[in-house]
Each structure stands twice: as structure tokens, then as C-alpha cells.
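The file query.cif comes next; it holds mmCIF, C-alpha atoms.
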```cif
data_input
#
loop_
_atom_site.label_atom_id
_atom_site.label_comp_id
_atom_site.auth_asym_id
_atom_site.auth_seq_id
_atom_site.Cartn_x
_atom_site.Cartn_y
_atom_site.Cartn_z
CA MET A 1 59.68 157.92 19.68
CA THR A 2 60.27 156.86 23.24
CA ALA A 3 59.81 153.16 23.84
CA PRO A 4 57.31 152.16 26.54
CA GLY A 5 58.88 152.21 29.94
CA GLU A 6 62.02 154.04 28.74
CA ALA A 7 61.12 157.29 30.51
CA ALA A 8 60.51 155.36 33.70
CA ARG A 9 63.90 153.68 33.38
CA ARG A 10 65.64 157.04 32.88
CA LYS A 11 63.89 158.71 35.81
CA PRO A 12 65.93 158.37 39.04
CA ALA A 13 64.26 156.09 41.55
CA ARG A 14 62.61 157.92 44.45
CA ARG A 15 64.04 157.12 47.86
CA PRO A 16 61.57 155.16 50.00
CA THR A 17 60.11 157.05 52.94
CA ILE A 18 58.62 156.17 56.30
CA LYS A 19 55.20 156.72 54.71
CA ASP A 20 55.98 154.03 52.11
CA ILE A 21 57.01 151.59 54.81
CA ALA A 22 53.89 152.36 56.87
CA ARG A 23 51.62 151.81 53.86
CA ARG A 24 53.15 148.47 52.93
CA ALA A 25 53.43 147.21 56.53
CA GLY A 26 49.86 148.31 57.32
CA VAL A 27 50.83 150.38 60.38
CA SER A 28 50.99 154.05 61.31
CA GLU A 29 53.99 156.24 60.54
CA SER A 30 54.64 156.70 64.26
CA ALA A 31 54.77 152.92 64.66
CA VAL A 32 57.38 152.78 61.87
CA SER A 33 59.44 155.44 63.63
CA PHE A 34 59.29 153.56 66.92
CA ALA A 35 60.28 150.29 65.25
CA LEU A 36 63.18 151.65 63.20
CA ASN A 37 64.60 153.65 66.11
CA ASP A 38 64.26 150.72 68.52
CA ARG A 39 61.90 152.59 70.85
CA PRO A 40 59.12 151.13 73.00
CA GLY A 41 55.51 151.44 71.86
CA VAL A 42 55.19 148.64 69.32
CA SER A 43 55.09 144.86 69.64
CA GLN A 44 58.00 142.63 68.66
CA ASP A 45 55.99 141.26 65.74
CA THR A 46 55.27 144.76 64.45
CA ARG A 47 58.90 145.78 64.90
CA ALA A 48 60.08 142.74 62.93
CA ARG A 49 57.52 143.33 60.14
CA VAL A 50 58.46 147.01 59.81
CA ARG A 51 62.18 146.24 59.61
CA ARG A 52 61.59 143.52 57.04
CA VAL A 53 59.58 145.89 54.85
CA ALA A 54 62.21 148.63 55.27
CA GLU A 55 64.91 146.23 54.10
CA GLU A 56 62.81 145.12 51.12
CA LEU A 57 62.31 148.75 50.07
CA GLY A 58 65.99 149.59 50.53
CA TRP A 59 65.24 152.27 53.10
CA GLN A 60 68.18 154.05 54.80
CA ALA A 61 68.00 156.61 57.57
CA ASN A 62 68.72 160.19 56.49
CA SER A 63 72.03 161.39 57.97
CA ALA A 64 70.66 164.83 58.85
CA ALA A 65 67.70 163.27 60.62
CA ARG A 66 70.04 160.95 62.51
CA ALA A 67 72.10 163.94 63.61
CA LEU A 68 69.02 165.77 64.91
CA SER A 69 67.90 162.68 66.81
CA GLY A 70 71.32 162.23 68.39
CA GLU A 71 72.15 159.05 66.47
CA ARG A 72 75.53 158.38 64.88
CA ALA A 73 76.40 159.77 61.46
CA GLY A 74 78.01 156.55 60.28
CA ALA A 75 81.19 158.30 59.11
CA MET A 76 84.71 159.03 60.37
CA GLY A 77 86.79 162.01 59.28
CA LEU A 78 90.40 162.27 58.11
CA VAL A 79 91.90 165.67 57.25
CA LEU A 80 95.32 166.17 55.73
CA ALA A 81 96.96 169.60 55.96
CA ARG A 82 99.74 169.14 53.43
CA PRO A 83 100.53 170.42 49.96
CA ALA A 84 98.20 168.47 47.67
CA GLN A 85 100.98 167.88 45.10
CA THR A 86 102.92 165.73 47.59
CA LEU A 87 100.10 163.18 47.88
CA GLY A 88 100.22 161.93 44.33
CA VAL A 89 103.78 160.63 44.67
CA GLU A 90 103.83 159.30 48.24
CA SER A 91 102.46 155.82 48.87
CA PHE A 92 102.38 156.01 52.67
CA PHE A 93 98.98 157.69 52.98
CA LEU A 94 97.37 155.44 50.37
CA GLN A 95 98.49 152.38 52.36
CA LEU A 96 97.41 153.98 55.65
CA VAL A 97 93.95 154.80 54.28
CA SER A 98 93.57 151.28 52.86
CA GLY A 99 94.06 149.85 56.36
CA ILE A 100 91.66 152.36 57.89
CA GLN A 101 89.02 151.66 55.27
CA GLU A 102 89.34 147.91 55.76
CA VAL A 103 88.26 148.23 59.39
CA LEU A 104 85.58 150.87 58.85
CA SER A 105 83.94 149.12 55.90
CA ALA A 106 83.53 145.98 58.00
CA ARG A 107 81.33 148.11 60.29
CA LYS A 108 79.62 149.82 57.32
CA ILE A 109 81.18 153.15 58.31
CA ALA A 110 82.22 155.69 55.67
CA LEU A 111 85.51 157.61 55.62
CA LEU A 112 85.20 161.34 54.94
CA PHE A 113 88.58 162.55 53.63
CA GLN A 114 89.62 166.12 52.89
CA VAL A 115 92.88 167.92 52.04
CA VAL A 116 93.26 171.47 53.37
CA GLU A 117 95.81 174.27 53.21
CA ASP A 118 96.85 174.57 56.85
CA LEU A 119 96.10 173.74 60.47
CA ASP A 120 93.74 176.69 60.94
CA THR A 121 91.57 175.41 58.08
CA GLU A 122 91.73 171.90 59.51
CA CYS A 123 90.56 173.11 62.93
CA ALA A 124 87.72 175.10 61.36
CA LEU A 125 86.66 171.98 59.46
CA TYR A 126 86.52 169.95 62.68
CA ARG A 127 84.25 172.59 64.23
CA ARG A 128 81.92 172.52 61.21
CA TRP A 129 81.84 168.72 60.96
CA TRP A 130 80.96 168.39 64.63
CA ALA A 131 78.36 171.17 64.57
CA GLU A 132 76.68 169.52 61.57
CA ARG A 133 77.16 166.01 63.00
CA ARG A 134 78.85 164.96 59.78
CA VAL A 135 81.23 162.54 61.53
CA ASP A 136 81.24 160.44 64.67
CA GLY A 137 84.99 160.77 65.19
CA VAL A 138 88.24 161.73 63.46
CA LEU A 139 91.71 160.35 62.90
CA VAL A 140 94.33 163.07 63.37
CA VAL A 141 97.49 162.65 61.29
CA ASP A 142 100.81 164.50 61.12
CA PRO A 143 100.92 165.54 64.81
CA ARG A 144 102.93 168.70 65.41
CA THR A 145 105.40 169.55 68.14
CA GLU A 146 103.08 172.44 69.08
CA ASP A 147 99.67 171.14 68.11
CA PRO A 148 96.37 172.93 68.78
CA ARG A 149 94.21 170.02 67.60
CA PRO A 150 94.12 167.73 70.67
CA GLU A 151 92.91 170.52 72.95
CA LEU A 152 90.34 171.67 70.37
CA LEU A 153 88.95 168.19 69.78
CA ALA A 154 88.81 167.46 73.51
CA SER A 155 86.94 170.73 74.11
CA LEU A 156 84.46 169.92 71.33
CA GLY A 157 83.92 166.44 72.68
CA LEU A 158 84.67 165.05 69.22
CA PRO A 159 86.11 161.51 69.61
CA ALA A 160 89.54 161.30 68.03
CA VAL A 161 92.71 159.26 67.79
CA VAL A 162 96.09 160.80 66.98
CA VAL A 163 97.97 158.72 64.40
CA GLY A 164 101.75 158.76 64.77
CA GLY A 165 101.77 160.98 67.84
CA PRO A 166 104.71 161.04 70.21
CA ALA A 167 104.44 158.47 72.97
CA THR A 168 103.86 159.90 76.42
CA PRO A 169 105.79 157.80 78.95
CA GLU A 170 103.73 156.45 81.79
CA PRO A 171 104.62 158.22 85.03
CA ALA A 172 106.61 155.97 87.33
CA THR A 173 104.94 154.92 90.56
CA PRO A 174 106.76 156.83 93.32
CA GLU A 175 108.24 155.01 96.28
CA PRO A 176 106.57 155.95 99.57
CA VAL A 177 108.54 158.63 101.38
CA VAL A 178 108.11 160.48 104.62
CA SER A 179 108.71 163.97 103.28
CA ALA A 180 106.56 165.56 100.62
CA ALA A 181 107.88 165.22 97.07
CA PRO A 182 106.76 166.56 93.69
CA ASP A 183 104.05 164.47 92.09
CA PRO A 184 105.67 162.71 89.10
CA ALA A 185 102.28 162.59 87.36
CA ALA A 186 102.31 166.39 87.22
CA ALA A 187 105.03 166.15 84.56
CA HIS A 188 102.86 163.71 82.60
CA PRO A 189 99.30 165.07 82.47
CA PRO A 190 96.65 162.61 81.32
CA PRO A 191 96.34 162.44 77.51
CA LEU A 192 93.58 164.46 75.87
CA LEU A 193 93.15 161.88 73.11
CA SER A 194 94.06 158.28 72.39
CA THR A 195 97.22 157.83 70.33
CA VAL A 196 98.73 155.16 68.13
CA TRP A 197 102.41 155.72 67.49
CA ALA A 198 105.51 154.25 65.91
CA ASP A 199 108.90 154.22 67.60
CA ASP A 200 110.91 156.42 65.23
CA ALA A 201 113.83 156.55 67.67
CA LYS A 202 114.38 152.78 67.61
CA ALA A 203 113.87 152.73 63.86
CA MET A 204 116.60 155.35 63.44
CA THR A 205 118.84 153.30 65.73
CA ARG A 206 118.47 150.35 63.35
CA VAL A 207 119.42 152.50 60.37
CA LEU A 208 122.47 153.97 62.15
CA ASP A 209 123.56 150.53 63.35
CA HIS A 210 123.52 149.32 59.76
CA LEU A 211 125.41 152.26 58.27
CA HIS A 212 127.89 152.59 61.12
CA GLY A 213 128.58 148.87 60.91
CA LEU A 214 129.47 149.35 57.24
CA GLY A 215 132.03 151.97 58.26
CA HIS A 216 130.10 155.14 57.37
CA ARG A 217 130.99 158.22 59.43
CA ARG A 218 129.60 161.01 57.22
CA ILE A 219 125.82 160.56 57.11
CA VAL A 220 123.11 163.06 56.18
CA HIS A 221 119.42 162.63 56.94
CA VAL A 222 117.04 164.20 54.38
CA ALA A 223 114.05 164.70 56.67
CA GLY A 224 110.44 165.60 56.03
CA MET A 225 108.53 168.72 56.98
CA PRO A 226 109.82 170.71 59.97
CA GLY A 227 107.45 170.98 62.90
CA LEU A 228 105.97 167.50 62.44
CA ALA A 229 106.41 165.47 65.60
CA HIS A 230 107.85 162.44 63.83
CA THR A 231 110.31 164.61 61.87
CA GLU A 232 111.61 166.14 65.08
CA ARG A 233 111.84 162.71 66.75
CA ARG A 234 113.90 161.33 63.89
CA ILE A 235 116.22 164.36 63.89
CA ARG A 236 116.73 164.10 67.66
CA SER A 237 117.31 160.37 67.44
CA LEU A 238 119.91 160.77 64.70
CA ARG A 239 121.77 163.26 66.84
CA THR A 240 121.58 161.06 69.93
CA GLU A 241 122.81 157.99 68.07
CA ALA A 242 125.60 159.98 66.44
CA ASP A 243 126.75 161.31 69.82
CA LEU A 244 126.80 157.79 71.27
CA ARG A 245 129.13 156.80 68.44
CA GLY A 246 131.31 159.91 68.75
CA LEU A 247 130.28 161.28 65.35
CA ASP A 248 130.64 165.03 64.85
CA GLU A 249 127.56 167.11 64.04
CA ARG A 250 129.34 168.55 60.99
CA HIS A 251 129.42 165.07 59.47
CA VAL A 252 126.11 163.66 60.74
CA HIS A 253 123.11 165.98 60.54
CA SER A 254 119.60 166.48 59.10
CA VAL A 255 118.05 168.80 56.50
CA THR A 256 114.29 169.30 56.14
CA THR A 257 112.10 169.18 53.01
CA ASP A 258 108.42 168.93 52.04
CA TYR A 259 108.68 165.17 51.24
CA SER A 260 108.45 165.80 47.48
CA ASP A 261 110.75 164.33 44.86
CA ALA A 262 111.69 167.86 43.74
CA GLU A 263 112.90 168.95 47.18
CA GLY A 264 114.49 165.56 47.78
CA ALA A 265 116.53 165.95 44.60
CA GLU A 266 117.46 169.57 45.37
CA ALA A 267 118.54 168.67 48.90
CA THR A 268 120.68 165.85 47.48
CA ARG A 269 122.46 168.24 45.11
CA ARG A 270 123.29 170.61 47.98
CA ILE A 271 124.48 167.75 50.16
CA LEU A 272 126.74 166.29 47.46
CA ASP A 273 128.21 169.75 46.79
CA ALA A 274 129.40 169.98 50.39
CA ALA A 275 133.03 169.35 51.27
CA PRO A 276 133.52 166.63 52.21
CA PRO A 277 130.33 165.01 50.87
CA PRO A 278 128.61 162.27 52.86
CA THR A 279 129.15 158.61 52.15
CA ALA A 280 125.55 157.74 53.13
CA ILE A 281 122.17 159.50 52.94
CA ILE A 282 118.96 158.55 54.78
CA TYR A 283 115.72 159.76 53.17
CA ASP A 284 112.47 160.14 55.10
CA ASN A 285 110.38 158.52 52.36
CA ASP A 286 110.71 156.34 49.30
CA VAL A 287 110.06 159.10 46.76
CA MET A 288 112.92 161.29 47.96
CA ALA A 289 115.25 158.27 48.13
CA VAL A 290 114.55 157.42 44.47
CA ALA A 291 115.02 161.09 43.52
CA GLY A 292 118.34 161.12 45.40
CA ALA A 293 119.50 157.98 43.61
CA SER A 294 118.67 159.66 40.28
CA VAL A 295 120.80 162.69 41.21
CA ALA A 296 123.70 160.40 42.07
CA ALA A 297 123.32 158.66 38.70
CA GLU A 298 123.27 162.01 36.88
CA ARG A 299 126.57 162.91 38.53
CA GLY A 300 128.18 159.55 37.87
CA ILE A 301 128.34 158.70 41.57
CA PRO A 302 128.06 154.91 41.94
CA VAL A 303 125.56 153.54 44.47
CA PRO A 304 126.69 151.95 46.73
CA GLY A 305 130.32 152.18 45.57
CA ALA A 306 130.66 155.85 46.55
CA LEU A 307 127.30 156.60 48.19
CA SER A 308 124.93 154.43 50.23
CA ILE A 309 121.20 155.24 50.27
CA VAL A 310 118.48 154.24 52.76
CA ALA A 311 114.74 154.92 52.39
CA TRP A 312 112.65 155.30 55.54
CA ASP A 313 109.54 153.78 53.94
CA ASP A 314 109.67 150.73 51.72
CA SER A 315 107.52 150.55 48.59
CA ALA A 316 107.46 149.10 45.09
CA LEU A 317 109.62 152.06 44.02
CA CYS A 318 112.42 150.91 46.32
CA ARG A 319 112.21 147.36 44.97
CA VAL A 320 112.21 148.18 41.24
CA THR A 321 114.88 150.91 41.30
CA HIS A 322 118.37 149.83 40.23
CA PRO A 323 120.12 149.23 42.50
CA ARG A 324 117.25 148.22 44.80
CA LEU A 325 117.07 150.49 47.82
CA THR A 326 117.71 149.46 51.39
CA ALA A 327 114.58 150.46 53.32
CA LEU A 328 112.70 150.31 56.59
CA VAL A 329 109.85 147.86 56.08
CA ARG A 330 106.70 148.31 58.13
CA ASP A 331 103.08 147.24 57.89
CA THR A 332 101.53 150.61 57.02
CA PRO A 333 98.05 149.18 56.27
CA GLY A 334 98.30 147.41 59.63
CA PHE A 335 99.08 150.74 61.28
CA GLY A 336 95.95 152.17 59.66
CA ARG A 337 93.89 149.22 60.89
CA LEU A 338 95.23 149.75 64.41
CA ALA A 339 94.26 153.44 64.32
CA ALA A 340 90.74 152.71 63.07
CA GLN A 341 90.23 149.97 65.66
CA GLU A 342 91.32 152.34 68.42
CA LEU A 343 88.90 155.03 67.22
CA LEU A 344 86.03 152.52 67.20
CA ALA A 345 87.01 151.48 70.72
CA VAL A 346 86.84 155.11 71.85
CA LEU A 347 83.38 155.47 70.28
CA ASP A 348 82.29 152.30 72.07
CA GLY A 349 83.23 153.87 75.40
CA GLY A 350 86.77 152.55 75.81
CA PRO A 351 89.41 154.44 77.81
CA LEU A 352 91.97 156.81 76.32
CA ARG A 353 95.12 154.86 75.52
CA THR A 354 98.56 155.15 73.97
CA VAL A 355 99.11 152.16 71.67
CA GLN A 356 102.40 151.33 69.97
CA GLY A 357 102.49 149.99 66.44
CA GLU A 358 104.85 147.35 65.12
CA LEU A 359 108.52 148.35 64.98
CA PRO A 360 109.78 148.35 61.37
CA HIS A 361 112.74 146.22 60.37
CA LEU A 362 115.53 147.27 58.05
CA GLU A 363 115.81 145.29 54.83
CA ALA A 364 119.31 145.65 53.44
CA ARG A 365 119.45 145.67 49.64
CA GLU A 366 121.97 146.70 47.00
CA SER A 367 121.95 150.47 47.72
CA THR A 368 124.06 150.17 50.89
CA GLY A 369 127.61 148.91 51.10
CA ALA A 370 130.92 149.43 52.82
CA ARG A 371 132.24 152.95 53.19
CA PRO A 372 134.38 153.87 50.15
CA PRO A 373 138.14 154.17 50.68
CA ARG A 374 139.32 157.61 51.72
#
```
Would it be possible to restate this file's structure as C-alpha cells?
Amino acid sequence: MTAPGEAARRKPARRPTIKDIARRAGVSESAVSFALNDRPGVSQDTRARVRRVAEELGWQANSAARALSGERAGAMGLVLARPAQTLGVESFFLQLVSGIQEVLSARKIALLFQVVEDLDTECALYRRWWAERRVDGVLVVDPRTEDPRPELLASLGLPAVVVGGPATPEPATPEPVVSAAPDPAAAHPPPLLSTVWADDAKAMTRVLDHLHGLGHRRIVHVAGMPGLAHTERRIRSLRTEADLRGLDERHVHSVTTDYSDAEGAEATRRILDAAPPPTAIIYDNDVMAVAGASVAAERGIPVPGALSIVAWDDSALCRVTHPRLTALVRDTPGFGRLAAQELLAVLDGGPLRTVQGELPHLEARESTGARPPR
């Protein structure tokens, strides 16, 4: 037998409506609409009473109704076009999202996150989200060297910030001349979207300075996914820094992977099978660096006695592995906060900007040491 009131407790509570607010406040439904949408037509006393009643009832505006009325959706979007299996082992995105969420939650804004197969699906999702007014803006991650997303988002009018995009140098102010000269701004068209970025070139310089200073001359970079802007920047920077130090491309070069531990380990095996093998390896994330250290251990190669290892991203994995891994340390949650703050600034009418994040520092630990004797 059902106890009194049990059925009522089991039945989901009905969401309060404008009619409920009007009944309790003793006003018309149109007056409630005017008050809640901050429109003229009601007195200040009525507006205050209606809002107080709405709060007491726990009323929230319907997102579809807000979209139809032109109001904000109260959500930001983040789409990741990467193999889903790589997310479970990489801490970078979890830290990035934690920083983003910290800023958005302070403004009571939701984060709508979705993983998709490819860029085409991502672009189609942006079109659908904007048509349905599901989001007020988006954070665009993993910028590509040839990226269709900025132009698409600009054409849609969907506010967006590119996270980790390549920095576009500001055009230099030309000196006044008598004869006509090419406009330097023509080589640097105005950005389509705001961007927050990290200086991967200077970060790579710090890594090369460390390894070169230890005497290493055969260095391989196990990079991330080809076509990503930051992957290409790191590869170019490695080559530039190697050339400045007179290091041959045969002995200092990059190989690309999908960021997973499996491909990181496989790349390490191929690299160590080369003749002569490198004396130092740089990995583009912590997971691949730990996988590479495991391969070295399997083969009886001492780290750092015969092989030095550097991880691009620091994490708990780098600090608990034996030996502890030398790594680039950066404030990834802070980078996420910066991106979210910039997106909110765009929504509030701020100008398009290119904002640089904090430069990471290299923390030398036990996985790097002097080059082994020849």
C-alpha cells in the first residue's frame, strides 16, 4: 500500500510557468513577461514583486524561448575533432576545460562540449548550434595550418576565440616615403577571430638550450598530429634552432603521431632502431614521454645515462615516473581561463585581439643528463 504523499514525492515537480507567477503576484501574464524581460509597461514595484515571486518559485527562462526572443542562450560551445581514445590518457584538455569552466561558472554560463570525427562534422555542428541558438559563442581548439573554421564562424556571425592559434604579427608602421610603396598591412589582413596563443617557438628554444648545453647533438622530436598549427610551429622551431647550432637534419628532426601512448611507444622503437640512435628525445605530451621511457626500460637503455627524455607538458605522470621526467611547465588551467575571459569580452562587445599566454618554463629533473660518451 502506498503511504500518503508517497506518490506525490515520486512524481517529478512541474516547472513553474509565467501563469504561476502571474497568479501568485496578482498581475497579468503580459505584466510578468514585461517584468522578467526588463521591458517598459510595468511599474518598478510590480517589476520587483514579479521577480521576487519568480525567484521564490524557482522559475528559469526556457532556452528555446530565449533564442526566439533574441536573448542569449547562456552556454558556450567547445568541439574537439580528435580520436576519442586519445582524450582518456591526455591531461591537457582536462586542465584546459577546468580553467574555462571556472570562468564560465562564475557568470552562470554552461559549457557545451562535444567530440566529433573530423573538421567537416565540427563545421556542420557550428552551423546547427548557431541556427538553433544553442550557444552564444565557441572556443576553437587545435587550429590547423589550413583551417576553414575562422572564415565559417566569421560568416555565421558566431562569436569565437581560437585557442592556441598562431600569432599574427602586427604590421609595422611604415615610414613616410615620397614614392608609393606596398601596404605592409596587406600582408597581414585583420584577424577574423580573437586568438589566445602560446609561444611554442620560444618554448622549443628553451628545450634545445637545455639539451644542447648538456652536449646532445642527436635529438629527435616525437611530435603530435600533422596539420595542427602548434605541431607545425614546433617542428619549424626545432629545425631553426638546430640550424643555428649547426646541427644536421639527419641527427635532429621530428616525427608525427596521434598523441597516444601507443603511437608514442611505436615511434620510440623506430627511433631507437635507427643508426646512430639519438641521445635525447623530446615528446609533445606527457603520455608519449612516459611511453617512451617504458620502451627504453624494456630495452635496458638507462635514462638519462644513455638517453635523455623531455616531455612538452608537465603532469603528475611526469613527477611520479622513475626517473622523474624533465618537462615544460605551464599554467594550462590559466590558459583556459584566459581563453574564456577573451570570449566573454568578445560577447560584451570588445575588439578582436591576439593575446599571448604565459611562456612555459623548463623544469629539469632526473630524465635529462649529459650526453653519453661516444
Pick out the residues sitting within 8 Å of segment 131-138 of chain A, and hand them over as a PyMOL selection string; count only C-alpha atoms, and ignore anything fewer than 2 positions along from it in its own chain.
chain A and resi 63-64+67+72-78+112+127-129+140+158-161+343+347
Given the point (130.0, 160.6, 56.0) in the file's coordinates, find the residues that have an atom at most 12 Å from it, counting all atoms listed in the file, and give them as a PDB file with C-alpha atoms, in the coordinates of the input.
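Once everything was written out, this is point-v3.pdb:
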```pdb
ATOM      1  CA  LEU A 208     122.470 153.970  62.150  1.00  0.00           C
ATOM      2  CA  LEU A 211     125.410 152.260  58.270  1.00  0.00           C
ATOM      3  CA  HIS A 212     127.890 152.590  61.120  1.00  0.00           C
ATOM      4  CA  LEU A 214     129.470 149.350  57.240  1.00  0.00           C
ATOM      5  CA  GLY A 215     132.030 151.970  58.260  1.00  0.00           C
ATOM      6  CA  HIS A 216     130.100 155.140  57.370  1.00  0.00           C
ATOM      7  CA  ARG A 217     130.990 158.220  59.430  1.00  0.00           C
ATOM      8  CA  ARG A 218     129.600 161.010  57.220  1.00  0.00           C
ATOM      9  CA  ILE A 219     125.820 160.560  57.110  1.00  0.00           C
ATOM     10  CA  VAL A 220     123.110 163.060  56.180  1.00  0.00           C
ATOM     11  CA  HIS A 221     119.420 162.630  56.940  1.00  0.00           C
ATOM     12  CA  ALA A 242     125.600 159.980  66.440  1.00  0.00           C
ATOM     13  CA  LEU A 247     130.280 161.280  65.350  1.00  0.00           C
ATOM     14  CA  ASP A 248     130.640 165.030  64.850  1.00  0.00           C
ATOM     15  CA  GLU A 249     127.560 167.110  64.040  1.00  0.00           C
ATOM     16  CA  ARG A 250     129.340 168.550  60.990  1.00  0.00           C
ATOM     17  CA  HIS A 251     129.420 165.070  59.470  1.00  0.00           C
ATOM     18  CA  VAL A 252     126.110 163.660  60.740  1.00  0.00           C
ATOM     19  CA  HIS A 253     123.110 165.980  60.540  1.00  0.00           C
ATOM     20  CA  ILE A 271     124.480 167.750  50.160  1.00  0.00           C
ATOM     21  CA  LEU A 272     126.740 166.290  47.460  1.00  0.00           C
ATOM     22  CA  ALA A 274     129.400 169.980  50.390  1.00  0.00           C
ATOM     23  CA  ALA A 275     133.030 169.350  51.270  1.00  0.00           C
ATOM     24  CA  PRO A 276     133.520 166.630  52.210  1.00  0.00           C
ATOM     25  CA  PRO A 277     130.330 165.010  50.870  1.00  0.00           C
ATOM     26  CA  PRO A 278     128.610 162.270  52.860  1.00  0.00           C
ATOM     27  CA  THR A 279     129.150 158.610  52.150  1.00  0.00           C
ATOM     28  CA  ALA A 280     125.550 157.740  53.130  1.00  0.00           C
ATOM     29  CA  ILE A 281     122.170 159.500  52.940  1.00  0.00           C
ATOM     30  CA  ILE A 282     118.960 158.550  54.780  1.00  0.00           C
ATOM     31  CA  ALA A 306     130.660 155.850  46.550  1.00  0.00           C
ATOM     32  CA  LEU A 307     127.300 156.600  48.190  1.00  0.00           C
ATOM     33  CA  SER A 308     124.930 154.430  50.230  1.00  0.00           C
ATOM     34  CA  ILE A 309     121.200 155.240  50.270  1.00  0.00           C
ATOM     35  CA  ALA A 370     130.920 149.430  52.820  1.00  0.00           C
ATOM     36  CA  ARG A 371     132.240 152.950  53.190  1.00  0.00           C
ATOM     37  CA  PRO A 372     134.380 153.870  50.150  1.00  0.00           C
ATOM     38  CA  PRO A 373     138.140 154.170  50.680  1.00  0.00           C
ATOM     39  CA  ARG A 374     139.320 157.610  51.720  1.00  0.00           C
TER      40      ARG A 374
END
```
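The coordinates place atom CA of Thr332 of chain A at 9.2 Å from atom CA of Leu94 of chain A.
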Determine the residue set returned by the PyMOL selection byres ((chain A and resi 302) around 12) for the present structure, and present it as a ChimeraX atom specification.
/A:279-280,293-301,303-309,322-323,366-369,372
Exactly which residues make up the result of the PyMOL selection byres ((chain A and resi 200) around 12) on this file, given as a PyMOL selection string?
chain A and resi 164-167+197-199+201-207+229-238+284+312-313+328+330+356-361
Could you state which residues are captured by the PyMOL selection byres ((chain A and resi 335) around 8) in this file, as an MDAnalysis selection string?
chainID A and resid 96 99 331:334 336:339 357:358
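The two atoms in question, atom CA of Val255 of chain A and atom CA of Asp286 of chain A, are spaced 16.2 Å apart.
From atom CA of Leu104 of chain A back to atom CA of Val329 of chain A, the distance works out to 24.6 Å.
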Save segment 232-249 of chain A of the structure in the block above to a file, with C-alpha atoms included, as a JSON list (two decimals), in the first residue's frame.
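The resulting file, part.json, is shown below:
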```json
[["chain", "number", "residue", "atom", "x", "y", "z"],
["A", 232, "GLU", "CA", 54.00, 22.67, -37.37],
["A", 233, "ARG", "CA", 55.32, 25.58, -35.28],
["A", 234, "ARG", "CA", 57.24, 23.23, -33.01],
["A", 235, "ILE", "CA", 58.69, 21.31, -35.97],
["A", 236, "ARG", "CA", 59.78, 24.54, -37.67],
["A", 237, "SER", "CA", 61.24, 25.88, -34.46],
["A", 238, "LEU", "CA", 63.25, 22.70, -33.87],
["A", 239, "ARG", "CA", 64.70, 22.98, -37.34],
["A", 240, "THR", "CA", 65.51, 26.67, -36.93],
["A", 241, "GLU", "CA", 67.20, 26.13, -33.57],
["A", 242, "ALA", "CA", 69.14, 23.16, -34.93],
["A", 243, "ASP", "CA", 70.38, 25.19, -37.90],
["A", 244, "LEU", "CA", 71.52, 28.00, -35.60],
["A", 245, "ARG", "CA", 73.60, 25.44, -33.72],
["A", 246, "GLY", "CA", 74.95, 23.78, -36.88],
["A", 247, "LEU", "CA", 73.14, 20.50, -36.23],
["A", 248, "ASP", "CA", 72.46, 18.30, -39.26],
["A", 249, "GLU", "CA", 68.87, 17.42, -40.17]]
```
